[in-house]
Amino acid sequence: MYKILKREVLVPNTVYLKVEAPEIARKAKPGQFVILRIDEVGERFPLSLTGWDEKGGTLEVLFLIMGRSTMKLSSLGEGDRIMDVVGPLGRPTEIESYGKTMTVCSTFGVGPAITLVKALKKKGNKVVSVTEARDKTYLFWEDRLRSVSDETHVVLGDGSRGKYRQANQFVKEYLESGNKLDRVFIFGRVFTMMECSKATKPFGVKTIVGLTPIMVDGTGMCGCCRVSVGGETKFTCVDGPEFDGHLVDWELLIKRKRAYLREEARAFDLWQPDNLRRLAELSELPRRV
Amino acid sequence: MAEKSKLNLNRVPIPKQAPEVRKRNFNEVALGYTDEKALEEASRCIACKKAGCKGGCPVNVDIPEFIKAIGAGDMPEAVRILKSKNSLPGICGRVCPQETQCEMTCNLAKKGGPIAIGRLERYVADWERAHPEITKQQKGQISFNGKKVAIIGSGPAGLTCAADLAKLGYRVTIFEALHVAGGVLMYGIPEFRLPKMIVQGEVDYVKSLGVEIKLDHVIGKIATVDELLENGFDAVFLAPGAGAPMFLDIPGENLSGIYSANEFLTRTNLMKAYLFPEYDTPIQVGKRVAVFGAGNVAMDASRCALRLGAEEVYIIYRRSKAEMPARLEERENAEEEGVIFKLLTNPSKFLGDGRGRVKAVELHEMELGEPDASGRPRPIKKPGSEFIMEIDTAIPALGTRPNPIIPSTTKGLKLTKWGTVLTDEATGRTSKDRVWCGGDMATGAATVISAMGAGRRAATDIDTWLRNSN
C-alpha cells in the first residue's frame with residue numbers, strides 16, 4: 001500500500017499527488033513512469049513521473065481526469081492509500097549536451113517537462129519552454145517552468161495570450177524565423193505531440209515524444225501498448241515510452257487509445273452514483289475532461 | 001499368467017461439468033475424484049518394483065508410495081510423501097501433462113490403462129486443503145542457516161525453488177513484478193482449469209515456510225540483480241517467466257481487437273475482465289473470435305473467449321491435427337465446448353473497419369510438405385486459396401520471446417541466440433557468478449512442471465554451492 005502524502009487539484013481536470021514510495025524514488029529518472037492499481041477491483045494504468053524525492057522517499061504524479069480510474073484516484077485524499085505502485089518503468093530520457101533545446105508541454109505533460117528541463121540544464125543545455133493550455137483556467141505551474149527554463153512561452157487555446165492558439169504554431173514560426181534548435185521534447189496531449197512533431201519535421205530537428213498508450217502490465221508481457229515507429233512495432237512500456245516523433249504512426253496511436261471509450265463511459269457512469277458521497281466530501285471537486 | 005488377468009486397465013473417469021454448461025461459466029471444469037473413486041483408482045496400482053512412473057516425473061515424486069497410502073486410507077501419509085517432493089501438488093495434479101510424463105512411463109500404459117496419477121495427486125492435494133491441521137503438524141521447525149537467496153518471479157519455478165531452499169534453512173525473498181504472486185498460474189492459466197484459490201493456497205504454503213514475497217517489484221528497474229548481490233543476497237535465482245509475446249508479423253496486426261494471448265488471458269484471469277464493470281478492466285470479445293496457434297495457451301484463450309460470450313470461436317492452425325502442440329485433454333475439452341478447428345489454414349493480413357478496429361482476416365489454405373528443422377512437415381501455402389473471414393476479435397497465441405528487462409540490466413549474463421539466458425540444464429547455473437536461472441527464461445516457453453523441475457534442480461545446486469563456498 002502506498003500512502004498519499006499530498007493532494008492538490010491544480011486546475012479543474014488535473015490533480016497532483018505526492019505518494020510515499022521510497023524504493024521507486026531511489027531509482028527514478030526523467031522520462032520514466034509508474035503503473036498504478038488503486039484498489040482490489042482496479043485496473044492497471046500508467047502515469048508519467050512528475051518528480052521524486054530520493055531523500056524523502058516520495059514520488060509525484062500529475063494526471064488528467066479521463067475515466068473511472070483517474071476519477072477514482074482523484075477522489076482519494078491525503079492519508080489514503082493506493083494499493084499498488086510499480087516502477088520506475090520504461091527507459092529514461094536520453095539526456096546529453098545537445099546545445100539549444102525546446103520542451104513543449106500540455107496538461108499532465110507539464111510535470112515531466114519541468115523535471116526534464118532541470119536535467120537538461122544540468123547538462124549545460126539552453127532550454128526554451130512552451131506550455132499550452134485551453135485557456136487561463138487550465139494553465140498551471142507557469143512560474144515553475146519559468147524558474148527552470150531560459151525562456152518560457154505560454155500558448156492559450158482561446159488566443160488570450162499572444163498570437164498563437166496552438167503550440168505547434170509557435171514552434172513552426174520559431175523555426176521559420178531562423179531560430180536553430182538541436183532537440184525538441186514534447187509531453188502531454190497526443191494532439192500536441194503530433195502537431196508539434198509535424199512542425200519540426202521540415203527543419204530536421206530531432207523530436208522526442210513521450211507516448212501514453214493504454215497499458216496492462218507495463219513490463220513488456222502483454223503487448224497492449226504496441227505502437228508503430230518507423231514501420232516497426234514497438235512496445236511502449238519497454239522500448240519507450242519516448243520515441244522519435246517524426247516516425248510515430250499517430251493515427252494508429254490515437255485509434256488504439258480510443259479502443260475502450262464505450263466501456264470507459266459505461267464504467268464511469270456506474271461508478272459515479274455509488275461514490276457521490278465521497279466526491280461531495282472532497283473540498284475541491286475535480287472535473288472530468 | 002494368473003498375474004496378468006488381475007490387471008485392471010479401466011481408468012476411473014473424472015467427473016466434469018457438462019460442456020454446454022461449462023462453456024458459459026468460469027468454474028472449474030474437472031470436478032475431482034470422490035473418496036470412493038480415488039480408492040478405486042488407487043487400487044489399480046500394482047506397485048511395481050521398478051516403477052516407471054517415478055522416472056517420468058520431473059520432480060521425482062514417490063508415486064507408488066503415495067498411491068499406496070491412498071489405498072491404505074492413510075491420507076496424512078499420502079500428503080507427506082507427495083509434499084516431500086512437490087510443493088505445489090494441487091497445481092500439478094491439474095495442469096501437468098501426465099500423459100507424456102509419469103502416466104506415459106507407468107508400466108500399465110503399455111497395456112493401455114495407465115494409472116490416473118494426476119487425478120490422484122489432485123485428490124491428495126484437495127484433501128489436504130480440506131484438512132489444514134494435518135500439514136501444520138507435519139511442518140517441523142526450520143532454523144535459519146545464515147544465508148539469503150533472492151528469487152526473481154513467483155511462478156512455478158520460483159515457488160518451487162523458494163520452498164526447497166526455505167526447507168533447507170535459507171532465508172528466501174521472492175520479487176514479483178505483478179500485484180499478486182503465482183506468475184503464469186495467476187495471469188495465464190484460466191480459473192476453469194486452475195482455480196485461483198488453489199494457487200493462493202499453494203502460495204500461502206510457500207509463505208508459511210518463511211518465504212517473503214515482495215509484490216510490485218520489477219527487478220531490473222526497482223533494483224538490479226547486481227544490486228541484490230551487493231546488498232546481502234548470497235545467490236539469485238532468475239525465474240521471471242515467458243516475457244514478450246510474439247505476433248504474426250502480418251499487415252493490420254495493430255488494429256484494436258487484436259490481443260496477444262498474454263494480454264487476452266491477463267485481462268481475463270488476472271484483472272478479472274469477465275466481471276467488468278464490477279472490476280475496472282474491460283475486454284472486448286464480440287461474436288466471432290479467431291485464435292491463431294494450437295498450443296495449450298491457444299486452447300485456454302479460445303475457451304475463455306467462449307465463456308466471455310463469443311458465439312463462434314475458431315482455432316486457426318497452419319499444420320494438421322497431428323502436429324498440434326496442445327495436450328490432447330485440452331484439445332478435447334475445447335472441442336466438446338464447441339471451439340471450431342480450422343486446420344491447414346494461415347492468415348495473411350487483417351482488415352480494419354476504417355475506424356481502427358479489426359473487421360476481418362484474410363486466410364489461405366496450406367498443405368504439408370517435407371519435414372522441416374523441427375521434424376514436422378513444413379506447411380506450404382496453397383496458391384489461389386485465399387478467402388476472407390469476418391471476425392470481431394483476433395488472438396495470436398504463438399508463444400513468447402524472453403523479456404529484455406533482466407538481460408539488459410545484468411552485467412555478465414550470457415544469452416543464447418534466442419535471447420534466453422544461457423543456463424546449464426542440470427544445475428541451472430548461468431555464466432554469472434552466484435546467479436542461477438530456470439523456467440521459460442532459460443528454456444523458452446514450456447510447461448509448469450518443467451519449470452518446477454528447474455526450480456528444484458537450481459535449489460539443490462544453490463545449496464551445494466553455498467555450502468562449499470563457506
# chains A, B, ... in the order shown; residues from 1 in each chain; ligands from 1
$ interface_residues --of "chain B" --to "chain A" --cutoff "9 Å" --atoms "only C-alpha atoms" --output "PDB file with C-alpha atoms, in the first residue's frame"
ATOM      1  CA  ALA B 177       6.615  -7.876 -10.808  1.00  0.00           C
ATOM      2  CA  LEU B 178       2.816  -8.182 -10.734  1.00  0.00           C
ATOM      3  CA  HIS B 179       0.464  -7.331  -7.890  1.00  0.00           C
ATOM      4  CA  LEU B 215       4.978  -7.822  -4.909  1.00  0.00           C
ATOM      5  CA  ASP B 216       5.162  -4.933  -7.412  1.00  0.00           C
ATOM      6  CA  HIS B 217       8.939  -5.379  -7.681  1.00  0.00           C
ATOM      7  CA  VAL B 218      10.242  -5.362 -11.230  1.00  0.00           C
ATOM      8  CA  LYS B 221      14.013  -1.481 -12.593  1.00  0.00           C
ATOM      9  CA  ILE B 222      13.483  -1.058  -8.845  1.00  0.00           C
ATOM     10  CA  ALA B 223      16.770  -2.887  -8.179  1.00  0.00           C
ATOM     11  CA  ALA B 242       7.897 -16.064 -20.534  1.00  0.00           C
ATOM     12  CA  GLY B 243       8.270 -12.400 -21.248  1.00  0.00           C
ATOM     13  CA  ALA B 244       7.305 -10.832 -24.515  1.00  0.00           C
ATOM     14  CA  PRO B 245       4.516 -12.164 -26.743  1.00  0.00           C
ATOM     15  CA  MET B 246       5.150 -12.908 -30.416  1.00  0.00           C
ATOM     16  CA  ASN B 254      -2.009  -3.472 -34.535  1.00  0.00           C
ATOM     17  CA  LEU B 255      -5.719  -2.875 -35.130  1.00  0.00           C
ATOM     18  CA  SER B 256      -7.811  -2.741 -31.970  1.00  0.00           C
ATOM     19  CA  GLY B 257      -9.465  -6.028 -31.172  1.00  0.00           C
ATOM     20  CA  TYR B 259      -4.854  -9.186 -28.483  1.00  0.00           C
ATOM     21  CA  SER B 260      -1.776 -11.251 -27.820  1.00  0.00           C
ATOM     22  CA  ALA B 261      -2.846 -14.370 -25.922  1.00  0.00           C
ATOM     23  CA  ASN B 262      -0.876 -12.962 -22.982  1.00  0.00           C
ATOM     24  CA  GLU B 263      -2.919  -9.769 -22.966  1.00  0.00           C
ATOM     25  CA  PHE B 264      -6.223 -11.566 -23.505  1.00  0.00           C
ATOM     26  CA  THR B 266      -4.088 -11.360 -18.356  1.00  0.00           C
ATOM     27  CA  ARG B 267      -7.135  -9.160 -18.763  1.00  0.00           C
ATOM     28  CA  MET B 271      -7.615  -8.489 -13.975  1.00  0.00           C
ATOM     29  CA  LYS B 272     -10.946 -10.347 -13.937  1.00  0.00           C
ATOM     30  CA  PHE B 276     -16.426  -5.924 -15.851  1.00  0.00           C
ATOM     31  CA  PRO B 277     -17.819  -3.403 -14.899  1.00  0.00           C
ATOM     32  CA  GLU B 278     -17.666  -4.645 -11.303  1.00  0.00           C
ATOM     33  CA  TYR B 279     -13.930  -4.879 -11.971  1.00  0.00           C
ATOM     34  CA  ASP B 280     -12.402  -1.940 -13.815  1.00  0.00           C
ATOM     35  CA  THR B 281     -10.517  -3.751 -16.592  1.00  0.00           C
ATOM     36  CA  PRO B 282     -12.532  -4.114 -19.802  1.00  0.00           C
ATOM     37  CA  ILE B 283     -12.193  -6.688 -22.576  1.00  0.00           C
ATOM     38  CA  GLN B 284     -13.841  -6.819 -25.989  1.00  0.00           C
ATOM     39  CA  ARG B 355     -12.093   3.214 -37.504  1.00  0.00           C
ATOM     40  CA  GLY B 356      -9.146   1.220 -36.251  1.00  0.00           C
ATOM     41  CA  ARG B 357     -10.919  -1.985 -35.274  1.00  0.00           C
ATOM     42  CA  THR B 400       6.807 -15.743 -26.349  1.00  0.00           C
ATOM     43  CA  ASN B 403      11.664 -10.367 -21.746  1.00  0.00           C
ATOM     44  CA  PRO B 404      14.599  -7.953 -22.192  1.00  0.00           C
ATOM     45  CA  ILE B 405      14.442  -6.225 -18.771  1.00  0.00           C
TER      46      ILE B 405
END
$ select_by_dssp --residues "region 100-194 of chain A" --states "strand (DSSP E or B)" --output "list in words"
Lys100, Thr101, Met102, Thr103, Val104, Cys105, Ser106, Lys126, Val127, Val128, Ser129, Val130, Thr131, Glu132, Ala133, Glu151, Thr152, His153, Val154, Val155, Leu156, Arg183, Val184, Phe185, Ile186 and Phe187 of chain A
$ closest_atom_pairs --of "region 147-239 of chain B" --to "region 50-73 of chain B" --cutoff "12 Å" --atoms "only C-alpha atoms" --output "tab-separated table"
residue	atom	partner	partner_atom	distance
B:Ala157	CA	B:Val59	CA	11.4
B:Thr160	CA	B:Val59	CA	9.9
B:Cys161	CA	B:Val59	CA	11.5
B:Asp164	CA	B:Val59	CA	11.4
$ write_last_selection --atoms "C-alpha atoms" --output "PDB file, in the first residue's frame"
ATOM      1  CA  ALA B 157       9.962 -22.278 -10.959  1.00  0.00           C
ATOM      2  CA  THR B 160       9.429 -24.478  -6.072  1.00  0.00           C
ATOM      3  CA  CYS B 161      12.952 -23.176  -5.663  1.00  0.00           C
ATOM      4  CA  ASP B 164      13.034 -26.161  -1.344  1.00  0.00           C
TER       5      ASP B 164
END
$ atom_distance --atom1 "CA of Ala199 (chain A)" --atom2 "CA of Gly157 (chain A)"
17.4 Å
$ closest_residue --among "B:Lys359, B:Asp440, B:Arg467, B:Pro251" --to "Pro347 (chain B)" --atoms "only C-alpha atoms"
B:Pro251
$ residues_around --residues "Met66 (chain A)" --least-positions-apart "2" --cutoff "9 Å" --atoms "only C-alpha atoms" --output "VMD selection string"
chain A and resid 13 63 to 64 68 to 71 264 287 to 289
$ residues_around --residues "Val184 (chain A)" --least-positions-apart "4" --cutoff "9 Å" --atoms "only C-alpha atoms" --output "list of chain:residue names"
A:Lys100, A:Thr101, A:Met102, A:Thr103, A:Val104, A:Ser197, A:Thr200, A:Val205, A:Lys206, A:Thr207, A:Ile208, A:Val209
$ residues_around --residues "Leu76 (chain A)" --least-positions-apart "3" --cutoff "9 Å" --atoms "only C-alpha atoms" --output "PyMOL selection string"
chain A and resi 4+7+72-73+79-82+278+282
$ residues_around --residues "region 14-17 of chain A" --least-positions-apart "4" --cutoff "9 Å" --atoms "only C-alpha atoms" --output "PyMOL selection string"
chain A and resi 4-10+59-65+74+78+107-108+138+286-288
$ write_last_selection --atoms "C-alpha atoms" --output "PDB file, in the first residue's frame"
ATOM      1  CA  ILE A   4      -0.849   9.684  -0.424  1.00  0.00           C
ATOM      2  CA  LEU A   5       1.007  12.479   1.401  1.00  0.00           C
ATOM      3  CA  LYS A   6      -0.212  15.439  -0.586  1.00  0.00           C
ATOM      4  CA  ARG A   7      -3.067  16.087  -2.966  1.00  0.00           C
ATOM      5  CA  GLU A   8      -3.829  19.221  -4.896  1.00  0.00           C
ATOM      6  CA  VAL A   9      -6.386  19.971  -7.606  1.00  0.00           C
ATOM      7  CA  LEU A  10      -4.264  22.172  -9.873  1.00  0.00           C
ATOM      8  CA  LEU A  59       7.018  10.248  -5.922  1.00  0.00           C
ATOM      9  CA  GLU A  60       4.960  12.934  -7.610  1.00  0.00           C
ATOM     10  CA  VAL A  61       2.424  12.425 -10.379  1.00  0.00           C
ATOM     11  CA  LEU A  62       0.035  14.644 -12.310  1.00  0.00           C
ATOM     12  CA  PHE A  63      -2.969  13.266 -14.064  1.00  0.00           C
ATOM     13  CA  LEU A  64      -5.856  14.349 -16.203  1.00  0.00           C
ATOM     14  CA  ILE A  65      -9.262  13.022 -15.161  1.00  0.00           C
ATOM     15  CA  SER A  74      -8.713  11.978  -7.796  1.00  0.00           C
ATOM     16  CA  GLU A  78      -4.213  12.795   1.845  1.00  0.00           C
ATOM     17  CA  THR A 107      -1.847  19.288 -19.421  1.00  0.00           C
ATOM     18  CA  PHE A 108      -0.246  16.421 -17.439  1.00  0.00           C
ATOM     19  CA  TYR A 138      -6.347  25.399 -17.253  1.00  0.00           C
ATOM     20  CA  PRO A 286     -12.201  17.792  -9.754  1.00  0.00           C
ATOM     21  CA  ARG A 287     -13.864  17.589 -13.123  1.00  0.00           C
ATOM     22  CA  ARG A 288     -13.740  15.058 -15.901  1.00  0.00           C
TER      23      ARG A 288
END
$ atom_distance --atom1 "CA of Gly182 (chain B)" --atom2 "CA of Asn25 (chain B)"
22.5 Å
$ residues_around --residues "Lys180 (chain A)" --least-positions-apart "2" --cutoff "12 Å" --atoms "only C-alpha atoms" --output "list in words"
Tyr98, Gly99, Lys100, Thr101, Met102, Lys126, Val127, Val128, Val171, Lys172, Glu173, Tyr174, Leu175, Glu176, Ser177, Gly178, Asp182, Arg183, Val184, Thr200, Phe203, Gly204, Val205 and Lys206 of chain A
$ write_last_selection --atoms "N, CA and C atoms" --output "compact mmCIF listing (two decimals), in the first residue's frame"
# COMPACT_ATOMS: atom_id res chain seq x y z
N TYR A 98 23.11 18.81 -25.82
CA TYR A 98 22.67 18.97 -27.21
C TYR A 98 22.95 20.37 -27.72
N GLY A 99 22.94 21.34 -26.82
CA GLY A 99 23.07 22.74 -27.24
C GLY A 99 21.80 23.47 -26.91
N LYS A 100 21.03 23.85 -27.94
CA LYS A 100 19.78 24.56 -27.68
C LYS A 100 18.60 23.59 -27.84
N THR A 101 17.82 23.47 -26.79
CA THR A 101 16.70 22.53 -26.83
C THR A 101 15.39 23.25 -26.56
N MET A 102 14.30 22.56 -26.91
CA MET A 102 12.97 23.10 -26.60
C MET A 102 12.13 21.99 -25.98
N LYS A 126 20.77 24.90 -23.29
CA LYS A 126 19.89 26.05 -23.21
C LYS A 126 18.48 25.50 -23.47
N VAL A 127 17.49 25.90 -22.63
CA VAL A 127 16.15 25.34 -22.80
C VAL A 127 15.09 26.42 -22.98
N VAL A 128 14.37 26.27 -24.11
CA VAL A 128 13.20 27.12 -24.36
C VAL A 128 11.98 26.27 -24.05
N VAL A 171 5.88 26.78 -32.49
CA VAL A 171 7.09 26.04 -32.85
C VAL A 171 7.45 26.30 -34.31
N LYS A 172 6.42 26.26 -35.17
CA LYS A 172 6.65 26.45 -36.60
C LYS A 172 7.27 27.83 -36.87
N GLU A 173 6.64 28.85 -36.30
CA GLU A 173 7.15 30.20 -36.56
C GLU A 173 8.51 30.45 -35.93
N TYR A 174 8.72 29.81 -34.79
CA TYR A 174 10.02 29.93 -34.11
C TYR A 174 11.13 29.43 -35.02
N LEU A 175 10.89 28.28 -35.66
CA LEU A 175 11.90 27.71 -36.56
C LEU A 175 11.97 28.47 -37.87
N GLU A 176 10.81 28.88 -38.37
CA GLU A 176 10.78 29.62 -39.65
C GLU A 176 11.51 30.95 -39.56
N SER A 177 11.47 31.54 -38.37
CA SER A 177 12.13 32.85 -38.26
C SER A 177 13.63 32.71 -38.01
N GLY A 178 14.15 31.53 -38.27
CA GLY A 178 15.61 31.37 -38.29
C GLY A 178 16.23 30.88 -37.01
N ASP A 182 18.49 22.19 -31.42
CA ASP A 182 19.20 20.92 -31.59
C ASP A 182 18.35 19.72 -31.20
N ARG A 183 17.39 19.93 -30.34
CA ARG A 183 16.49 18.82 -29.98
C ARG A 183 15.22 19.37 -29.34
N VAL A 184 14.11 18.70 -29.65
CA VAL A 184 12.81 19.12 -29.10
C VAL A 184 12.20 17.93 -28.36
N THR A 200 8.21 20.40 -36.56
CA THR A 200 9.68 20.36 -36.54
C THR A 200 10.26 19.56 -37.70
N PHE A 203 12.25 20.95 -40.65
CA PHE A 203 13.52 21.57 -40.26
C PHE A 203 14.54 20.53 -39.81
N GLY A 204 14.12 19.26 -39.82
CA GLY A 204 15.04 18.18 -39.47
C GLY A 204 15.52 18.23 -38.04
N VAL A 205 14.73 18.82 -37.14
CA VAL A 205 15.13 18.86 -35.73
C VAL A 205 14.66 17.57 -35.05
N LYS A 206 15.58 16.84 -34.48
CA LYS A 206 15.23 15.60 -33.79
C LYS A 206 14.21 15.89 -32.70
$ closest_residue --among "B:Thr393, B:Thr460, B:Gln200, B:Thr427" --to "Gly352 (chain B)" --atoms "only C-alpha atoms"
B:Thr393
